[in-house]
Structure formats: structure tokens, C-alpha cells
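In what follows, a structure is listed as C-alpha cells, so that the remarks can point back to it.
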Amino acid sequence: MRWMRYLAVMLAAALTFGCDNQGRPVQEFGLDKLAKGVSSEGDVRMVMGKPDTVREEDDGSRTLEYPKGPEGARTWMFSIGKDGVLRDYKQVLTEENFARIKQGMSQDEIRWMLGKPRTVVQYKLKNEEVWDWKYMADSTTARLFNVHFDIGTRKVTSTSTSPATNY
């Protein structure tokens with residue numbers, strides 16, 4: 001009987017830790033401690049750790065990039081105003097964001113939209129370079145989003161998706 005009560009308590013704790021204050025599933029632990037327009041860059045770094053990449057903008061604002069999740073299935077971008085205050089954050093490896101990628105965009109544009117790719121492979125005979133990002137198509141299905149570039153122009157020629165079963 002005692003072990004059943006212990007199991008019930010542990011199950012309740014596991015379910016509780018997987019949700020935010022409103023009972024929604026937590027996308028990234030610690031995000032509930034950050035408030036847009038209130039938290040500082042230091043607060044973001046305390047919660048998220050050292051960013052993988054920091055992009056300095058001409059107006060003094062900054063974007064902090066955090067690849068996260070099991071095997072990099074999520075990448076968070078945090079926008080910090082020139083005053084050092086958190087303006088916004090978002091997870092960028094989404095099908096909605098992928099749909100914004102158009103033929104002719106530059107590698108730099110793609111890099112800042114999606115973060116650092118998981119892999120970069122050149123196919124010289126096809127004059128093609130392919131970058132990929134692992135993402136979650138739904139809560140249980142991992143896929144790869146691929147961006148194909150012309151090697152000479154470094155511009156997008158197409159995009160594709162593929163299963164991530166062997167990765």
C-alpha cells in the first residue's frame with residue numbers, strides 16, 4: 001500500500017513539473033521565469049545559459065540563439081532591445097517559419113531565420129549545398145527540414161523535408 005502512495009505522489013510530481021502555471025505543457029524549462037518587457041539579458045542568460053550565437057544589430061539590439069532539445073529539435077531566438085531588456089522570444093524550428101523561406105534567399109538570411117544548421121553537405125556534381133535542421137513535426141515525430149543552395153550564388157534553390165529516423 002505504501003509503494004502505491006509513493007507511486008501516485010511521484011506521478012503527480014512528474015505531471016506537475018511538465019506544465020506551466022496555466023497547466024500548459026512546458027516547451028522549455030525556465031521560460032516561465034522570463035517576462036517580455038521586464039527581464040534583462042542577464043536574466044535570459046541565467047535561465048538559458050550561454051547562447052550559441054549572439055547577433056549584434058545596427059540599432060544596438062541583440063539576438064541570442066539557443067539550440068535546445070533532444071538532438072537539437074528546437075532553437076530559441078531571444079530578442080534583446082538596446083536597453084538590455086527582453087523584447088520577444090520564439091522557437092524558430094516550426095513549419096510556419098519554414099514556409100517563409102523562398103527561392104533566392106541568401107544563406108545569411110536562412111542562418112538568422114533558423115539558427116545554426118545541424119549539418120551542411122555539399123554535392124559538387126549537382127552544384128548544391130544542403131543544410132538541415134531536425135525538428136518535431138508533432139509531439140512524437142522527428143523530421144529534417146532541408147534547405148538547398150546553389151554553391152556558386154549561395155542562394156536558396158529549394159526546400160524539402162525527410163524522415164529523421166536514421167539520425
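Residues in the C-alpha cells are named by chain (A, B, ... in the order shown) and by number from 1 within that chain; ligands are numbered from 1 in the order shown.
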
Contacts of Asp59 of chain A at 12 Å or less, counting only C-alpha atoms, minus same-chain residues fewer than 3 places along, as a ChimeraX atom specification?
/A:55-56,62-63,80-83

May I have the residues within 9 Å of Val92 of chain A as a list of chain:residue names, using only C-alpha atoms and disregarding those fewer than 6 positions away in the same chain?
A:Arg74, A:Thr75, A:Trp76, A:Met77, A:Phe98, A:Met113, A:Leu114, A:Gly115

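Restricting the calculation to only C-alpha atoms, the smallest distance between Gly72 of chain A and any of A:Asn127, A:Ser39, A:Gln91, A:Ser106 is found for A:Gln91.
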
Contact residues around Thr53 of chain A with only C-alpha atoms at 8 Å, ignoring same-chain residues under 6 positions, as number ranges by chain
A: 64-66

Store the residues picked out above in a file with C-alpha atoms, as a compact mmCIF listing (two decimals), in the first residue's frame.
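Full text of result35.txt as output:
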```
# COMPACT_ATOMS: atom_id res chain seq x y z
CA LEU A 64 20.63 35.40 -28.67
CA GLU A 65 20.40 31.94 -30.25
CA TYR A 66 19.88 28.78 -28.19
```

What's around segment 132-147 of chain A at 6 Å? Count only C-alpha atoms, leave out sequence neighbours fewer than 6 positions away in its own chain, and write the answer as a list of chain:residue names.
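Listed by chain and then number, they are A:Ala73, A:Leu93, A:Pro117, A:Arg118, A:Thr119, A:Thr159, A:Ser160, A:Thr161, A:Ser162, A:Pro163, A:Ala164.
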
Distance query Glu41 of chain A at most 8 Å, only C-alpha atoms, self and fewer than 5 positions along chain excluded, as number ranges by chain
A: 80, 84-86

Taking only chain A into account, list the residues labelled helix (DSSP H, G or I) by DSSP (computed from the backbone), as a VMD selection string.
chain A and resid 2 to 17 31 to 33 41 to 48 70 to 72 95 to 98 107 to 114 124 to 126

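Taking only C-alpha atoms into account, Met105 of chain A lies nearest to A:His148 out of the set A:Lys33, A:Lys50, A:Arg45, A:His148.
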
Counting only C-alpha atoms, which of A:Val156, A:Ile110, A:Lys36, A:Gly49 gets nearest to Asn97 of chain A?
A:Ile110

Mind pulling up the distance from atom CA of Asp88 of chain A to atom CA of Gly60 of chain A?
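These two atoms are separated by 15.4 Å.
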
Quick one: DSSP strand (DSSP E) residues in segment 10-140 of chain A, as a PyMOL selection string?
chain A and resi 53-56+62-68+74-80+86-91+119-123+128-136

Would you export the selected residues with N, CA, C and O atoms as a short mmCIF file (atom, residue, chain, number, x, y, z; two decimals), in the first residue's frame, please?
```cif
data_model
loop_
_atom_site.label_atom_id
_atom_site.label_comp_id
_atom_site.auth_asym_id
_atom_site.auth_seq_id
_atom_site.Cartn_x
_atom_site.Cartn_y
_atom_site.Cartn_z
N THR A 53 25.05 31.58 -30.26
CA THR A 53 25.41 32.68 -31.15
C THR A 53 24.74 33.96 -30.65
O THR A 53 23.61 33.91 -30.17
N VAL A 54 25.45 35.07 -30.77
CA VAL A 54 24.88 36.38 -30.46
C VAL A 54 25.02 37.23 -31.72
O VAL A 54 26.11 37.39 -32.26
N ARG A 55 23.89 37.75 -32.19
CA ARG A 55 23.90 38.62 -33.37
C ARG A 55 23.68 40.05 -32.92
O ARG A 55 22.68 40.37 -32.30
N GLU A 56 24.63 40.91 -33.24
CA GLU A 56 24.55 42.34 -32.92
C GLU A 56 23.87 43.06 -34.07
O GLU A 56 24.28 42.93 -35.22
N ARG A 62 20.16 43.03 -29.80
CA ARG A 62 20.89 41.77 -29.97
C ARG A 62 19.90 40.62 -30.07
O ARG A 62 18.81 40.68 -29.52
N THR A 63 20.32 39.58 -30.77
CA THR A 63 19.56 38.35 -30.82
C THR A 63 20.44 37.23 -30.27
O THR A 63 21.57 37.06 -30.73
N LEU A 64 19.92 36.52 -29.27
CA LEU A 64 20.63 35.40 -28.67
C LEU A 64 20.02 34.11 -29.20
O LEU A 64 18.81 33.93 -29.18
N GLU A 65 20.87 33.19 -29.66
CA GLU A 65 20.40 31.94 -30.25
C GLU A 65 20.74 30.77 -29.33
O GLU A 65 21.88 30.63 -28.88
N TYR A 66 19.73 29.93 -29.07
CA TYR A 66 19.88 28.78 -28.19
C TYR A 66 19.33 27.51 -28.85
O TYR A 66 18.13 27.26 -28.78
N PRO A 67 20.18 26.70 -29.48
CA PRO A 67 19.71 25.39 -29.95
C PRO A 67 19.47 24.52 -28.71
O PRO A 67 20.32 24.42 -27.84
N LYS A 68 18.29 23.91 -28.61
CA LYS A 68 17.93 23.12 -27.43
C LYS A 68 17.23 21.84 -27.84
O LYS A 68 16.92 21.63 -29.00
N ARG A 74 14.84 21.87 -31.26
CA ARG A 74 14.28 23.21 -31.03
C ARG A 74 15.43 24.22 -31.03
O ARG A 74 16.50 23.93 -30.54
N THR A 75 15.16 25.39 -31.57
CA THR A 75 16.11 26.51 -31.49
C THR A 75 15.33 27.74 -31.06
O THR A 75 14.36 28.12 -31.71
N TRP A 76 15.75 28.34 -29.97
CA TRP A 76 15.10 29.53 -29.43
C TRP A 76 15.90 30.77 -29.81
O TRP A 76 17.13 30.77 -29.72
N MET A 77 15.20 31.81 -30.23
CA MET A 77 15.81 33.11 -30.52
C MET A 77 15.21 34.11 -29.54
O MET A 77 13.98 34.23 -29.43
N PHE A 78 16.08 34.83 -28.82
CA PHE A 78 15.67 35.85 -27.86
C PHE A 78 16.11 37.20 -28.38
O PHE A 78 17.28 37.42 -28.65
N SER A 79 15.16 38.11 -28.52
CA SER A 79 15.42 39.47 -28.98
C SER A 79 15.58 40.38 -27.77
O SER A 79 14.67 40.52 -26.96
N ILE A 80 16.76 41.00 -27.67
CA ILE A 80 17.08 41.90 -26.56
C ILE A 80 17.20 43.31 -27.11
O ILE A 80 17.96 43.55 -28.06
N LEU A 86 14.49 42.13 -22.49
CA LEU A 86 13.93 41.11 -23.36
C LEU A 86 12.69 41.65 -24.08
O LEU A 86 11.74 42.09 -23.45
N ARG A 87 12.71 41.65 -25.41
CA ARG A 87 11.58 42.12 -26.20
C ARG A 87 10.66 40.97 -26.60
O ARG A 87 9.46 41.08 -26.57
N ASP A 88 11.28 39.86 -27.02
CA ASP A 88 10.48 38.73 -27.51
C ASP A 88 11.37 37.49 -27.54
O ASP A 88 12.60 37.59 -27.53
N TYR A 89 10.75 36.34 -27.59
CA TYR A 89 11.46 35.09 -27.85
C TYR A 89 10.53 34.14 -28.58
O TYR A 89 9.31 34.24 -28.48
N LYS A 90 11.14 33.26 -29.37
CA LYS A 90 10.34 32.29 -30.11
C LYS A 90 11.19 31.08 -30.46
O LYS A 90 12.42 31.17 -30.58
N GLN A 91 10.50 29.97 -30.65
CA GLN A 91 11.11 28.74 -31.12
C GLN A 91 10.98 28.80 -32.63
O GLN A 91 9.88 28.95 -33.16
N THR A 119 23.52 19.93 -39.95
CA THR A 119 24.60 19.51 -40.85
C THR A 119 24.59 20.36 -42.12
O THR A 119 23.57 20.94 -42.49
N VAL A 120 25.76 20.42 -42.76
CA VAL A 120 25.93 21.10 -44.06
C VAL A 120 26.67 20.10 -44.95
O VAL A 120 27.75 19.62 -44.59
N VAL A 121 26.07 19.78 -46.10
CA VAL A 121 26.68 18.80 -47.01
C VAL A 121 26.70 19.39 -48.42
O VAL A 121 25.69 19.94 -48.88
N GLN A 122 27.86 19.28 -49.08
CA GLN A 122 27.96 19.73 -50.46
C GLN A 122 27.86 18.55 -51.41
O GLN A 122 28.44 17.50 -51.16
N TYR A 123 27.12 18.77 -52.50
CA TYR A 123 27.02 17.82 -53.59
C TYR A 123 27.56 18.53 -54.82
O TYR A 123 26.82 19.17 -55.57
N GLU A 128 25.34 21.88 -55.50
CA GLU A 128 24.34 22.10 -54.46
C GLU A 128 24.95 21.91 -53.07
O GLU A 128 25.77 21.02 -52.87
N GLU A 129 24.53 22.75 -52.15
CA GLU A 129 24.86 22.60 -50.74
C GLU A 129 23.53 22.50 -49.98
O GLU A 129 22.62 23.29 -50.24
N VAL A 130 23.42 21.53 -49.08
CA VAL A 130 22.18 21.30 -48.35
C VAL A 130 22.44 21.46 -46.86
O VAL A 130 23.35 20.83 -46.31
N TRP A 131 21.65 22.32 -46.23
CA TRP A 131 21.67 22.49 -44.78
C TRP A 131 20.42 21.81 -44.24
O TRP A 131 19.35 21.87 -44.86
N ASP A 132 20.54 21.19 -43.05
CA ASP A 132 19.34 20.61 -42.45
C ASP A 132 19.22 20.93 -40.97
O ASP A 132 20.21 21.24 -40.31
N TRP A 133 17.97 20.90 -40.52
CA TRP A 133 17.62 21.13 -39.12
C TRP A 133 16.66 20.04 -38.69
O TRP A 133 15.68 19.75 -39.40
N LYS A 134 16.90 19.43 -37.56
CA LYS A 134 15.96 18.45 -37.02
C LYS A 134 14.88 19.22 -36.27
O LYS A 134 15.18 20.17 -35.55
N TYR A 135 13.63 18.82 -36.46
CA TYR A 135 12.52 19.49 -35.78
C TYR A 135 11.45 18.46 -35.46
O TYR A 135 11.48 17.33 -35.98
N MET A 136 10.51 18.83 -34.62
CA MET A 136 9.40 17.95 -34.27
C MET A 136 8.17 18.36 -35.08
O MET A 136 7.64 19.46 -34.89
#
```
